[in-house]
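Down below is the structure, laid out as structure tokens.
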Amino acid sequence: MKPLILDSSMTNMSGVFYPTGHVFALFPDEDCARQAAAALHSASHQGELAHASPEFILQEIVRTLGGNDIPLPSVGAEGDMVRRIADLAGTGHHGVLICMADKDTPERVVEAIAPEGAAAAFYYRTFIIEDLVPQAPEQESQSVVVGTHAGPI
């Protein structure tokens, strides 16, 4: 698994983190993230994988929301997802960016990563971010599929 390098192909037109065609999953620690990568390879996942430390997430991915330390008003669901990613990274969670190859499916990705402790996983498709891992009961007020410019349904 290579280290994640954030580039403009991983942001939307307004510069917010939105890696179309990828799943971004978060794990409690680096060992869980590496075990998830191994599980994906064992499940014949075809896409590339990249690791993001909590520090990288907080310095690079969260920065895509803007230069303020104060949370910005919603820039759509992508901003909400970055805030959730920031919350998890702030508690030490590591990220894995999973490129979805033609034969890969979100269901197979979840089957591989859920047993390894995935706390969250977001599938960034064109115009839709799909939340692949069920949230804790106190967070269930959001929908499973969220449009990029709509709030919770």
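Identifiers in the structure tokens: chain A, B, ... in order shown; residue index from 1 per chain; ligand index from 1 in order shown.
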Exercise for the section: Going by DSSP on the backbone, which bits of stretch 16-123 of chain A are alpha helix (DSSP H)? Write them as a PyMOL selection string, please. Expected result: chain A and resi 30-42+54-56+77-90+106-113
Exercise for the section: Write out as JSON, numbers by chain which residues come within 9 Å of stretch 117-122 of chain A when counting only C-alpha atoms, dropping same-chain ones fewer than 3 positions away. Expected result: {"A": [22, 23, 24, 25, 26, 27, 28, 32, 33, 36, 81, 84, 85, 88, 93, 110, 113, 114, 129, 130, 131, 132, 133, 134, 135]}
Handout entry: Distance criterion (only C-alpha atoms): nearest to A:Thr11 out of A:Glu111, A:Glu78, A:Asp29, A:Asp102
Key =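 The shortest atom-to-atom distance to A:Thr11 comes from A:Glu78.
Among the candidate residues A:Pro115, A:Gly79, A:Pro106, A:Gly15, the one lying nearest to A:Thr64 is A:Gly15, with distances computed using only C-alpha atoms.
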